[in-house]
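Engineer: Sharing entry-v3.cif below, mmCIF, C-alpha atoms and all ligand atoms:
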```cif
data_my_file
#
loop_
_atom_site.label_atom_id
_atom_site.label_comp_id
_atom_site.auth_asym_id
_atom_site.auth_seq_id
_atom_site.Cartn_x
_atom_site.Cartn_y
_atom_site.Cartn_z
CA MET L 225 -11.82 -20.72 -14.82
CA TYR L 226 -11.47 -18.24 -11.98
CA LYS L 227 -9.16 -15.29 -12.34
CA MET L 228 -6.12 -15.66 -10.11
CA ILE L 229 -6.98 -13.15 -7.42
CA ILE L 230 -5.54 -13.37 -3.94
CA MET L 231 -8.60 -12.79 -1.82
CA LYS L 232 -8.32 -9.73 0.37
CA TYR L 233 -11.94 -9.51 1.51
CA ASP L 234 -13.68 -12.12 3.61
CA PHE L 235 -16.98 -12.97 1.97
CA ASP L 236 -17.19 -16.23 3.96
CA ARG L 237 -17.78 -14.31 7.18
CA ILE L 238 -21.32 -14.70 8.46
CA ILE L 239 -22.45 -11.34 9.76
CA ASP L 240 -25.46 -11.35 12.05
CA ARG L 241 -27.95 -8.87 10.59
CA SER L 242 -30.51 -9.28 13.33
CA GLY L 243 -31.31 -6.03 15.08
CA THR L 244 -30.62 -3.99 11.93
CA ASP L 245 -34.26 -3.91 10.74
CA ALA L 246 -33.22 -5.84 7.65
CA TYR L 247 -36.20 -6.30 5.30
CA LYS L 248 -34.97 -9.75 4.38
CA LEU L 249 -35.13 -10.90 8.00
CA GLU L 250 -37.89 -8.86 9.56
CA LEU L 251 -40.55 -9.56 6.93
CA ARG L 252 -40.05 -13.33 6.93
CA GLU L 253 -42.97 -14.12 9.19
CA LYS L 254 -45.31 -11.91 7.18
CA THR L 255 -44.12 -13.25 3.83
CA PHE L 256 -43.52 -16.92 4.53
CA GLY L 257 -45.58 -17.46 7.68
CA LYS L 258 -42.41 -18.51 9.51
CA PRO L 259 -39.87 -16.26 11.22
CA ASP L 260 -36.81 -18.46 10.72
CA VAL L 261 -36.65 -19.54 7.06
CA ILE L 262 -33.15 -19.17 5.56
CA PRO L 263 -33.69 -15.81 3.85
CA LEU L 264 -32.62 -16.10 0.22
CA TRP L 265 -35.17 -13.73 -1.22
CA VAL L 266 -34.97 -9.86 -1.19
CA ALA L 267 -32.22 -8.67 -3.53
CA ASP L 268 -29.56 -7.44 -1.19
CA MET L 269 -26.48 -9.36 -0.10
CA ASP L 270 -25.23 -10.45 3.30
CA PHE L 271 -21.69 -9.15 2.71
CA ALA L 272 -20.07 -6.18 4.41
CA ALA L 273 -19.90 -3.16 2.10
CA PRO L 274 -16.46 -2.21 0.71
CA PRO L 275 -14.13 -0.60 3.28
CA SER L 276 -14.03 2.60 1.20
CA VAL L 277 -17.78 2.97 1.77
CA VAL L 278 -17.79 2.05 5.45
CA ASN L 279 -14.91 4.45 6.10
CA ALA L 280 -16.58 7.29 4.22
CA ILE L 281 -19.78 6.84 6.21
CA ARG L 282 -17.82 6.79 9.47
CA GLU L 283 -15.89 9.87 8.52
CA ARG L 284 -18.99 11.84 7.54
CA ALA L 285 -20.89 10.62 10.59
CA SER L 286 -18.12 11.96 12.81
CA HIS L 287 -19.25 15.45 11.85
CA PRO L 288 -22.38 15.99 13.93
CA VAL L 289 -24.30 18.35 11.67
CA PHE L 290 -26.46 16.60 9.07
CA GLY L 291 -28.22 19.42 7.27
CA TYR L 292 -29.28 19.69 3.62
CA THR L 293 -26.51 18.96 1.15
CA VAL L 294 -25.92 19.27 -2.57
CA ARG L 295 -24.40 16.84 -5.01
CA THR L 296 -21.15 18.40 -6.14
CA GLU L 297 -19.03 17.96 -9.24
CA ARG L 298 -17.33 15.08 -7.48
CA PHE L 299 -20.61 13.14 -7.53
CA ASN L 300 -20.96 13.44 -11.30
CA ASN L 301 -17.25 12.83 -11.89
CA ALA L 302 -17.39 9.62 -9.88
CA ILE L 303 -20.19 8.42 -12.18
CA ILE L 304 -18.45 9.61 -15.36
CA ASN L 305 -15.23 7.80 -14.45
CA TRP L 306 -17.02 4.64 -13.38
CA LEU L 307 -19.01 4.40 -16.61
CA LYS L 308 -15.89 5.04 -18.66
CA ASN L 309 -13.73 2.54 -16.80
CA ARG L 310 -16.23 -0.24 -16.24
CA HIS L 311 -18.53 0.09 -19.24
CA ASN L 312 -16.49 1.94 -21.82
CA TRP L 313 -19.26 4.54 -21.96
CA GLU L 314 -18.39 8.22 -22.19
CA VAL L 315 -21.12 10.35 -20.70
CA LYS L 316 -21.26 14.07 -20.02
CA SER L 317 -22.13 15.71 -16.75
CA SER L 318 -25.19 17.33 -18.32
CA TRP L 319 -26.56 13.86 -19.12
CA LEU L 320 -26.76 12.92 -15.44
CA GLU L 321 -29.57 13.45 -13.01
CA PHE L 322 -30.23 12.06 -9.57
CA SER L 323 -33.00 9.54 -9.02
CA PRO L 324 -34.31 8.68 -5.54
CA GLY L 325 -34.28 5.01 -6.56
CA VAL L 326 -34.27 3.12 -9.81
CA VAL L 327 -37.90 2.07 -9.39
CA THR L 328 -38.88 5.66 -8.58
CA GLY L 329 -37.01 6.68 -11.73
CA LEU L 330 -38.97 4.19 -13.80
CA ALA L 331 -42.23 5.51 -12.36
CA LEU L 332 -41.13 9.08 -13.15
CA THR L 333 -40.48 8.17 -16.77
CA VAL L 334 -43.96 6.64 -17.00
CA LEU L 335 -45.35 9.95 -15.74
CA ALA L 336 -43.01 12.09 -17.85
CA TYR L 337 -43.33 10.39 -21.23
CA THR L 338 -46.76 8.74 -21.36
CA GLU L 339 -50.40 9.59 -20.74
CA PRO L 340 -53.00 7.53 -18.88
CA GLY L 341 -54.17 4.75 -21.16
CA ASP L 342 -50.90 4.58 -23.14
CA GLY L 343 -49.15 1.25 -23.49
CA VAL L 344 -45.76 0.36 -21.99
CA ILE L 345 -43.96 -2.79 -23.12
CA ILE L 346 -42.24 -5.04 -20.59
CA GLN L 347 -40.60 -8.44 -20.98
CA PRO L 348 -41.85 -10.94 -18.42
CA PRO L 349 -40.88 -12.84 -16.42
CA VAL L 350 -39.51 -9.63 -14.96
CA TYR L 351 -38.87 -7.72 -11.74
CA PRO L 352 -42.33 -7.07 -10.16
CA PRO L 353 -42.24 -3.23 -10.07
CA PHE L 354 -42.04 -3.22 -13.88
CA PHE L 355 -45.71 -4.20 -13.75
CA SER L 356 -46.74 -1.88 -10.93
CA VAL L 357 -45.07 1.35 -12.12
CA VAL L 358 -47.22 1.03 -15.25
CA LYS L 359 -50.47 -0.22 -13.71
CA ASP L 360 -50.39 2.08 -10.68
CA ASN L 361 -50.18 5.05 -13.02
CA SER L 362 -53.17 3.93 -15.12
CA ARG L 363 -51.12 2.99 -18.17
CA GLN L 364 -51.56 -0.33 -20.01
CA LEU L 365 -49.07 -3.17 -19.90
CA ALA L 366 -48.03 -4.74 -23.19
CA TYR L 367 -46.22 -8.06 -22.81
CA ASN L 368 -43.27 -9.07 -24.93
CA THR L 369 -42.81 -12.37 -23.14
CA LEU L 370 -39.31 -13.84 -23.09
CA VAL L 371 -39.00 -17.27 -24.66
CA ASN L 372 -37.25 -20.04 -22.76
CA LYS L 373 -35.40 -21.92 -25.49
CA GLY L 374 -33.98 -25.00 -23.82
CA GLY L 375 -33.11 -22.99 -20.73
CA LYS L 376 -31.78 -19.90 -22.49
CA TYR L 377 -34.14 -16.97 -22.47
CA GLU L 378 -34.49 -15.06 -25.70
CA ILE L 379 -36.46 -12.09 -26.91
CA ASN L 380 -39.42 -12.68 -29.22
CA PHE L 381 -38.48 -10.01 -31.75
CA ASN L 382 -41.49 -10.65 -34.00
CA GLU L 383 -43.80 -9.95 -31.10
CA LEU L 384 -41.77 -6.89 -30.09
CA GLU L 385 -42.05 -5.61 -33.65
CA GLU L 386 -45.85 -6.04 -33.56
CA LEU L 387 -46.19 -4.34 -30.19
CA ALA L 388 -43.93 -1.49 -31.23
CA ALA L 389 -45.98 -0.94 -34.39
CA ASN L 390 -49.08 -0.34 -32.29
CA PRO L 391 -49.19 3.46 -31.83
CA LYS L 392 -50.78 3.01 -28.39
CA ASN L 393 -47.45 1.69 -27.07
CA LYS L 394 -45.06 4.51 -26.25
CA MET L 395 -42.10 2.92 -24.54
CA LEU L 396 -40.23 -0.22 -23.58
CA ILE L 397 -38.88 -0.79 -20.08
CA LEU L 398 -35.84 -3.00 -20.51
CA SER L 399 -34.17 -4.97 -17.72
CA SER L 400 -30.52 -5.13 -18.72
CA PRO L 401 -29.02 -7.39 -17.40
CA HIS L 402 -32.33 -9.10 -16.88
CA ASN L 403 -33.80 -9.84 -13.46
CA PRO L 404 -34.74 -12.67 -12.86
CA VAL L 405 -33.54 -14.68 -15.89
CA GLY L 406 -29.95 -13.44 -15.61
CA ARG L 407 -29.36 -12.67 -19.27
CA VAL L 408 -26.72 -10.15 -20.32
CA TRP L 409 -28.15 -8.96 -23.62
CA THR L 410 -25.64 -9.17 -26.44
CA LYS L 411 -24.75 -6.31 -28.75
CA GLU L 412 -26.78 -7.97 -31.54
CA GLU L 413 -29.84 -8.30 -29.32
CA LEU L 414 -29.58 -4.71 -28.09
CA LEU L 415 -29.16 -3.39 -31.63
CA LYS L 416 -32.25 -5.31 -32.71
CA ILE L 417 -34.29 -3.98 -29.79
CA ALA L 418 -33.09 -0.45 -30.51
CA ASP L 419 -33.77 -0.75 -34.23
CA ILE L 420 -37.37 -1.80 -33.57
CA CYS L 421 -37.89 0.96 -31.02
CA LEU L 422 -36.35 3.69 -33.16
CA ARG L 423 -38.24 2.72 -36.30
CA ASN L 424 -41.49 2.85 -34.34
CA ASP L 425 -40.72 5.97 -32.36
CA LEU L 426 -40.67 4.15 -29.02
CA LEU L 427 -38.61 5.27 -26.04
CA ILE L 428 -36.28 2.82 -24.34
CA ILE L 429 -36.16 3.07 -20.57
CA SER L 430 -33.22 0.87 -19.67
CA ASP L 431 -32.92 -0.35 -16.10
CA GLU L 432 -29.23 -1.22 -15.79
CA ILE L 433 -29.03 -1.53 -12.02
CA HIS L 434 -27.35 -4.94 -12.36
CA SER L 435 -24.86 -3.76 -15.00
CA ASP L 436 -21.80 -4.11 -12.75
CA LEU L 437 -22.67 -7.70 -11.95
CA ALA L 438 -22.01 -9.36 -15.31
CA LEU L 439 -20.31 -12.68 -14.54
CA TYR L 440 -18.25 -15.43 -16.23
CA GLY L 441 -16.68 -13.02 -18.68
CA ASN L 442 -19.98 -11.73 -20.02
CA VAL L 443 -19.81 -8.04 -20.89
CA HIS L 444 -22.65 -5.68 -20.17
CA ILE L 445 -23.25 -3.07 -22.86
CA PRO L 446 -25.29 0.01 -21.97
CA VAL L 447 -27.82 0.15 -24.78
CA ALA L 448 -27.44 3.94 -25.01
CA SER L 449 -23.71 3.55 -25.66
CA LEU L 450 -24.37 1.85 -29.00
CA SER L 451 -25.03 5.01 -31.03
CA ASP L 452 -26.00 8.65 -30.66
CA ASP L 453 -29.36 7.90 -32.25
CA ILE L 454 -30.13 5.19 -29.74
CA ALA L 455 -28.92 7.37 -26.87
CA GLY L 456 -31.29 10.07 -28.10
CA ARG L 457 -34.30 7.79 -27.52
CA CYS L 458 -33.10 6.32 -24.26
CA VAL L 459 -33.12 7.01 -20.53
CA THR L 460 -30.83 4.69 -18.57
CA PHE L 461 -31.03 4.08 -14.83
CA MET L 462 -28.02 2.91 -12.89
CA ALA L 463 -26.81 2.81 -9.29
CA PRO L 464 -24.01 1.45 -7.15
CA SER L 465 -26.67 -0.02 -4.85
CA LYS L 466 -26.74 -3.66 -5.99
CA THR L 467 -23.08 -3.59 -6.98
CA PHE L 468 -21.74 -2.73 -3.54
CA ASN L 469 -24.59 -3.93 -1.33
CA ILE L 470 -25.67 -0.45 -0.33
CA ALA L 471 -29.30 -0.64 -1.44
CA GLY L 472 -30.57 0.99 1.75
CA PHE L 473 -29.22 4.36 0.61
CA SER L 474 -30.42 6.65 -2.12
CA THR L 475 -27.70 6.37 -4.76
CA SER L 476 -29.32 5.98 -8.16
CA TYR L 477 -29.19 8.20 -11.20
CA ALA L 478 -30.54 8.66 -14.70
CA VAL L 479 -28.38 9.07 -17.80
CA CYS L 480 -29.91 10.76 -20.82
CA SER L 481 -28.24 12.65 -23.65
CA ASN L 482 -31.51 13.96 -25.09
CA ARG L 483 -32.08 17.42 -23.60
CA GLU L 484 -35.79 17.39 -24.23
CA LEU L 485 -36.26 14.03 -22.53
CA MET L 486 -34.03 15.16 -19.68
CA ILE L 487 -36.08 18.30 -19.13
CA LYS L 488 -39.27 16.24 -18.97
CA TYR L 489 -37.67 13.82 -16.53
CA LYS L 490 -36.51 16.68 -14.29
CA ARG L 491 -39.95 18.21 -14.42
CA ALA L 492 -41.49 14.96 -13.17
CA LEU L 493 -38.85 14.80 -10.42
CA ASN L 494 -39.46 18.38 -9.39
CA ARG L 495 -43.23 18.14 -9.53
CA LEU L 496 -43.08 15.52 -6.80
CA HIS L 497 -40.22 17.28 -4.98
CA LEU L 498 -38.05 14.19 -5.10
CA TYR L 499 -34.78 15.89 -6.05
CA SER L 500 -33.05 16.10 -2.69
CA GLY L 501 -31.84 12.58 -1.96
CA ASN L 502 -29.96 12.34 1.27
CA LEU L 503 -26.53 13.35 2.37
CA PHE L 504 -25.21 9.83 2.82
CA GLY L 505 -26.35 8.78 -0.66
CA GLY L 506 -23.91 11.25 -2.19
CA VAL L 507 -21.01 10.34 0.09
CA ILE L 508 -21.62 6.67 -0.54
CA LEU L 509 -21.87 6.78 -4.31
CA GLU L 510 -18.58 8.66 -4.46
CA SER L 511 -16.75 6.34 -2.06
CA ALA L 512 -18.10 3.22 -3.79
CA TYR L 513 -17.20 4.28 -7.31
CA GLU L 514 -13.87 5.81 -6.31
CA GLY L 515 -12.67 3.06 -4.01
CA GLY L 516 -14.74 -0.09 -4.51
CA ALA L 517 -13.48 -1.60 -7.79
CA GLU L 518 -11.12 -4.14 -6.23
CA TRP L 519 -13.78 -5.26 -3.74
CA LEU L 520 -16.23 -5.70 -6.62
CA ASP L 521 -13.84 -7.81 -8.67
CA GLU L 522 -13.34 -10.16 -5.73
CA MET L 523 -17.00 -10.23 -4.87
CA LYS L 524 -17.91 -11.25 -8.42
CA VAL L 525 -15.49 -14.18 -8.23
CA TYR L 526 -17.17 -15.19 -4.97
CA LEU L 527 -20.60 -15.01 -6.61
CA GLU L 528 -19.41 -17.21 -9.48
CA LYS L 529 -18.21 -19.79 -6.98
CA ASN L 530 -21.54 -19.71 -5.16
CA ILE L 531 -23.39 -20.16 -8.43
CA ASP L 532 -21.11 -23.06 -9.34
CA LEU L 533 -21.81 -24.58 -5.95
CA VAL L 534 -25.57 -24.44 -6.50
CA TYR L 535 -25.24 -25.63 -10.07
CA ASP L 536 -23.20 -28.72 -9.12
CA PHE L 537 -25.37 -29.48 -6.10
CA VAL L 538 -28.57 -29.26 -8.13
CA LYS L 539 -27.14 -31.33 -10.96
CA ASN L 540 -25.86 -34.10 -8.74
CA ARG L 541 -28.28 -34.14 -5.83
CA LEU L 542 -31.49 -32.28 -6.76
CA PRO L 543 -32.26 -33.45 -10.29
CA PHE L 544 -35.86 -32.23 -10.04
CA ILE L 545 -34.51 -28.66 -10.25
CA ASN L 546 -33.18 -27.23 -13.47
CA LEU L 547 -30.73 -24.34 -13.31
CA ILE L 548 -29.15 -22.44 -16.15
CA LYS L 549 -26.25 -20.39 -14.84
CA PRO L 550 -27.04 -16.69 -14.94
CA GLU L 551 -24.81 -14.44 -17.04
CA ALA L 552 -25.18 -11.72 -14.40
CA THR L 553 -26.62 -10.96 -10.95
CA TYR L 554 -26.66 -12.92 -7.73
CA LEU L 555 -30.19 -14.12 -8.46
CA LEU L 556 -30.82 -17.65 -9.67
CA TRP L 557 -33.95 -18.57 -11.59
CA LEU L 558 -34.65 -22.12 -10.47
CA ASP L 559 -36.92 -24.22 -12.66
CA PHE L 560 -38.97 -26.66 -10.58
CA ARG L 561 -41.35 -27.66 -13.37
CA ASN L 562 -40.08 -31.25 -13.29
CA SER L 563 -40.69 -31.58 -9.57
CA GLY L 564 -44.28 -32.75 -9.98
CA MET L 565 -45.43 -30.05 -7.51
CA ASN L 566 -47.84 -27.26 -8.33
CA GLN L 567 -46.97 -23.73 -7.15
CA LYS L 568 -48.79 -24.06 -3.86
CA GLU L 569 -47.17 -27.42 -3.07
CA LEU L 570 -43.79 -26.09 -4.14
CA LYS L 571 -44.04 -23.09 -1.84
CA SER L 572 -45.14 -25.24 1.04
CA PHE L 573 -42.32 -27.71 0.35
CA LEU L 574 -39.67 -24.99 0.40
CA ILE L 575 -41.03 -23.09 3.38
CA ASN L 576 -42.46 -25.78 5.61
CA ASP L 577 -40.35 -28.82 4.72
CA ALA L 578 -37.01 -27.20 3.78
CA ASN L 579 -37.24 -23.99 5.82
CA VAL L 580 -35.92 -21.90 2.94
CA GLY L 581 -37.34 -18.53 1.86
CA LEU L 582 -37.12 -17.95 -1.90
CA ASN L 583 -39.06 -15.53 -4.12
CA ASP L 584 -42.15 -17.08 -5.66
CA GLY L 585 -41.69 -17.19 -9.44
CA LEU L 586 -45.25 -15.96 -9.93
CA MET L 587 -44.22 -12.54 -8.58
CA PHE L 588 -42.43 -12.08 -11.90
CA GLY L 589 -45.53 -12.81 -13.98
CA GLU L 590 -47.48 -15.88 -15.00
CA GLU L 591 -44.34 -17.04 -16.87
CA GLY L 592 -42.80 -17.65 -13.46
CA ARG L 593 -45.15 -20.53 -12.65
CA GLY L 594 -43.00 -23.50 -11.66
CA TYR L 595 -40.02 -21.26 -10.87
CA MET L 596 -38.47 -19.78 -7.75
CA ARG L 597 -35.81 -17.07 -7.47
CA MET L 598 -32.90 -17.74 -5.16
CA ASN L 599 -30.50 -15.07 -3.92
CA ILE L 600 -26.96 -16.44 -3.58
CA GLY L 601 -25.38 -13.19 -2.32
CA SER L 602 -24.53 -14.78 1.02
CA PRO L 603 -21.62 -16.63 2.58
CA LYS L 604 -21.16 -20.05 1.02
CA LYS L 605 -22.06 -21.86 4.25
CA ILE L 606 -25.56 -20.35 4.22
CA ILE L 607 -26.13 -21.39 0.61
CA GLN L 608 -24.82 -24.88 1.36
CA ASN L 609 -27.19 -25.19 4.36
CA ALA L 610 -30.17 -24.13 2.27
CA LEU L 611 -29.33 -26.70 -0.41
CA GLU L 612 -28.90 -29.45 2.18
CA ASN L 613 -32.24 -28.49 3.72
CA ILE L 614 -33.90 -28.84 0.32
CA GLU L 615 -32.20 -32.20 -0.23
CA ASP L 616 -33.25 -33.53 3.19
CA ALA L 617 -36.82 -32.39 2.62
CA ALA L 618 -36.85 -33.98 -0.84
CA LYS L 619 -35.59 -37.24 0.62
CA ARG L 620 -38.31 -37.22 3.26
CA LYS L 621 -40.87 -36.67 0.51
CA GLY L 622 -39.33 -39.35 -1.67
CA ILE L 623 -38.60 -36.92 -4.51
CA VAL L 624 -34.92 -37.91 -4.58
C1 LIG R 1 -34.10 -4.71 -12.16
C2 LIG R 1 -34.19 -3.96 -10.87
N1 LIG R 1 -34.49 -2.64 -10.88
C3 LIG R 1 -34.57 -1.92 -9.74
C4 LIG R 1 -34.36 -2.51 -8.51
C5 LIG R 1 -34.50 -1.69 -7.26
O1 LIG R 1 -33.99 -0.43 -7.43
P1 LIG R 1 -34.20 0.69 -6.32
O2 LIG R 1 -34.04 0.03 -5.00
O3 LIG R 1 -33.13 1.67 -6.63
O4 LIG R 1 -35.55 1.23 -6.53
C6 LIG R 1 -34.05 -3.87 -8.44
C7 LIG R 1 -33.87 -4.52 -7.15
O5 LIG R 1 -33.89 -5.72 -7.02
C8 LIG R 1 -33.96 -4.60 -9.65
O6 LIG R 1 -33.65 -5.90 -9.65
#
```
Give the structure from this file in structure tokens form.
Structural biologist:
Amino acid sequence: MYKMIIMKYDFDRIIDRSGTDAYKLELREKTFGKPDVIPLWVADMDFAAPPSVVNAIRERASHPVFGYTVRTERFNNAIINWLKNRHNWEVKSSWLEFSPGVVTGLALTVLAYTEPGDGVIIQPPVYPPFFSVVKDNSRQLAYNTLVNKGGKYEINFNELEELAANPKNKMLILSSPHNPVGRVWTKEELLKIADICLRNDLLIISDEIHSDLALYGNVHIPVASLSDDIAGRCVTFMAPSKTFNIAGFSTSYAVCSNRELMIKYKRALNRLHLYSGNLFGGVILESAYEGGAEWLDEMKVYLEKNIDLVYDFVKNRLPFINLIKPEATYLLWLDFRNSGMNQKELKSFLINDANVGLNDGLMFGEEGRGYMRMNIGSPKKIIQNALENIEDAAKRKGIV
């Protein structure tokens, strides 16, 4: 059931992004070998940002001096209020620190809290930089692979317990909500994760960039909000970037109540001189959190409708695809394992026959074999076209 909201924002409008150097468009040829695939890959959306954000950028841009700026109390207050109102999480100003990006933040924690050769646990299939921030810094990956139980992904707690007990492993990088499987971890799951980590003296680095995008009534819980003890072993990364489709700006931040951990994080940030951010990042975070809530509520309803559209289409017309509705995010984890195609054939089918650009499941680890990730953060018409393309191609191939 959709909430009764009279739509004020027009998410159906197709906005031409050509000429804006959009990653999603410009790197199509290089990535897919074709310049015109329908781009449903990189995780940004094709919607206009909230008016509060666009207006704040315009207003600031009307002043022609763009020198160095600082983040003021307003920046931290915007975060404090947002976390209180949207996630029922009370944080203090001293717990907040800027991060140039969430991925940069993850890399900084690897540098700050581990030594070369140490182990870092991740839960594949998972967002590709979770692998690279560990490997690129000469640390070892430890895999706590998620288990697909009849379509619902669950954590293998026995394996996590074993990995945590190995003193080589120093921290867990958690994707919460999880990209790409779309799980919103429940309170019970988070408490179990935290219990294992705390008993084994492991840090939890919680990437909560998708926290504002919990859908269908699912409620995101910041793991650090569960208790002071958990918060004391946790660094959380958040941002308005995915929430409000402003990923091209530097708007992320770390939350950490443990002073010692915070000092180490800041040291890593300072050592690389990454503390400045940019002037628009500050303006934009404030305008998004202060004035974007209504836009977000509508946008989430739109996302749910797009997901429903794909779900019904796949169920009725593309039975070789299996889709479990995500509990959060605008990213769908499509299971093609019943299609009879291997990964190479599947990619060729989607790109060359259907002219659709999705993320290859293998980017998210070996567990992604047979899967593709589809971004539905676009006007409905574009999603509908992509689905019809896949159906036409499947008909030509005799798959449906
Ligand atoms: C789980 C997750 N973390 C981080 C990011 C990117 O964060 P940033 O652009 O702030 O580095 C993404 C983007 O898709 C993501 O899905």
Engineer: For stretch 358-361 of chain L, work out the shell of residues within 7 Å, counting all atoms listed in the file and skipping chain neighbours fewer than 6 positions away, then give it as a VMD selection string.
Structural biologist: chain L and resid 334 340 344
Engineer: Please, could you write that set of residues out with C-alpha atoms as a short mmCIF file (atom, residue, chain, number, x, y, z; two decimals), in the frame of the given file?
Structural biologist:
```cif
data_model
loop_
_atom_site.label_atom_id
_atom_site.label_comp_id
_atom_site.auth_asym_id
_atom_site.auth_seq_id
_atom_site.Cartn_x
_atom_site.Cartn_y
_atom_site.Cartn_z
CA VAL L 334 -43.96 6.64 -17.00
CA PRO L 340 -53.00 7.53 -18.88
CA VAL L 344 -45.76 0.36 -21.99
#
```
Engineer: Using all atoms listed in the file, determine which residues fall within 6 Å of ligand LIG 1 (chain R), then list them as a list in words.
Structural biologist: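 The residues near ligand LIG 1 (chain R) are Ala267, Gly325, Val326, Val327, Thr328, Tyr351, Ser399, Asn403, Asp431, Ile433, Ala471 and Ser476 of chain L.
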Engineer: With the cut-off set at 8 Å and counting all atoms listed in the file, tabulate each residue of stretch 567-608 of chain L with an atom at most that distance from an atom of stretch 233-255 of chain L, showing the nearest atom pair and its distance in Å to one decimal, ordered by chain and increasing number, as CSV.
Structural biologist:
```
residue,atom,partner,partner_atom,distance
L:Gly581,CA,L:Arg252,CA,7.8
L:Ser602,CA,L:Phe235,CA,7.8
L:Pro603,CA,L:Asp236,CA,4.7
L:Lys604,CA,L:Asp236,CA,6.2
L:Lys605,CA,L:Asp236,CA,7.4
```
Engineer: Let's have the selection written as a compact mmCIF listing (two decimals), keeping the file's coordinate frame, with C-alpha atoms.
Structural biologist:
```txt
# COMPACT_ATOMS: atom_id res chain seq x y z
CA GLY L 581 -37.34 -18.53 1.86
CA SER L 602 -24.53 -14.78 1.02
CA PRO L 603 -21.62 -16.63 2.58
CA LYS L 604 -21.16 -20.05 1.02
CA LYS L 605 -22.06 -21.86 4.25
```
Engineer: Nearest to L:His434: which of L:Ile345, L:Val479, L:Asn279, L:Thr553 is it, counting all atoms listed in the file?
Structural biologist: L:Thr553
Engineer: Which residues are close to stretch 590-597 of chain L, i.e. within 10 Å by only C-alpha atoms, leaving aside same-chain residues fewer than 3 positions away? Reply as a PyMOL selection string.
Structural biologist: chain L and resi 264-267+348-350+369-372+403-405+545-546+555-568+570-571+574+581-587+600
Engineer: Please determine, counting all atoms listed in the file, which residue among L:Val580, L:Val357, L:Met395, L:Ile548 has the shortest atom-to-atom distance to L:Arg407.
Structural biologist: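 Closest to L:Arg407, using all atoms listed in the file: L:Ile548.
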Engineer: Using atom CA of L:Leu439 and atom CA of L:Ala552 as the two end points, give the distance in Å to one decimal.
Structural biologist: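 That distance, rounded to one decimal, is 5.0 Å.
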Engineer: So the first atom is atom CA of L:Leu509 and the second is atom CA of L:Phe299; what is the distance between them in Å, to one decimal place?
Structural biologist: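 That distance, rounded to one decimal, is 7.2 Å.
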Engineer: I need the residue nearest L:Thr296 from this list: L:Gly506, L:Gly622, L:Pro543, L:Pro259. Use all atoms listed in the file for the distance.
Structural biologist: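 Result for the nearest residue to L:Thr296: L:Gly506.
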Engineer: If I take atom CA of L:Leu396 and atom CA of L:Val459, how far is one from the other in Å, to one decimal?
Structural biologist: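 These atoms are spaced 10.6 Å apart.
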Engineer: Taking all atoms listed in the file into account, name the residue in L:Trp409, L:Phe468, L:Leu527, L:Ser356 that is nearest to L:Tyr440.
Structural biologist: L:Leu527
Engineer: Go through L:Ser474, L:Asn530, L:Leu542, L:Ile429 and flag the residue nearest L:Ile508, using only C-alpha atoms for the distances.
Structural biologist: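 Looking only at the distances to L:Ile508, the closest residue turns out to be L:Ser474.
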Engineer: Which is closer to L:Glu551 than all the others in L:Val534, L:Leu414, L:Ala448, L:Val443, using all atoms listed in the file?
Structural biologist: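 Looking at the shortest contact to L:Glu551, the residue is L:Val443.
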Engineer: Find the residues near L:Leu387: any atom within 9 Å, counting all atoms listed in the file, skip ones fewer than 6 places away on the same chain, and give them as a ChimeraX atom specification.
Structural biologist: /L:345,366-368,393
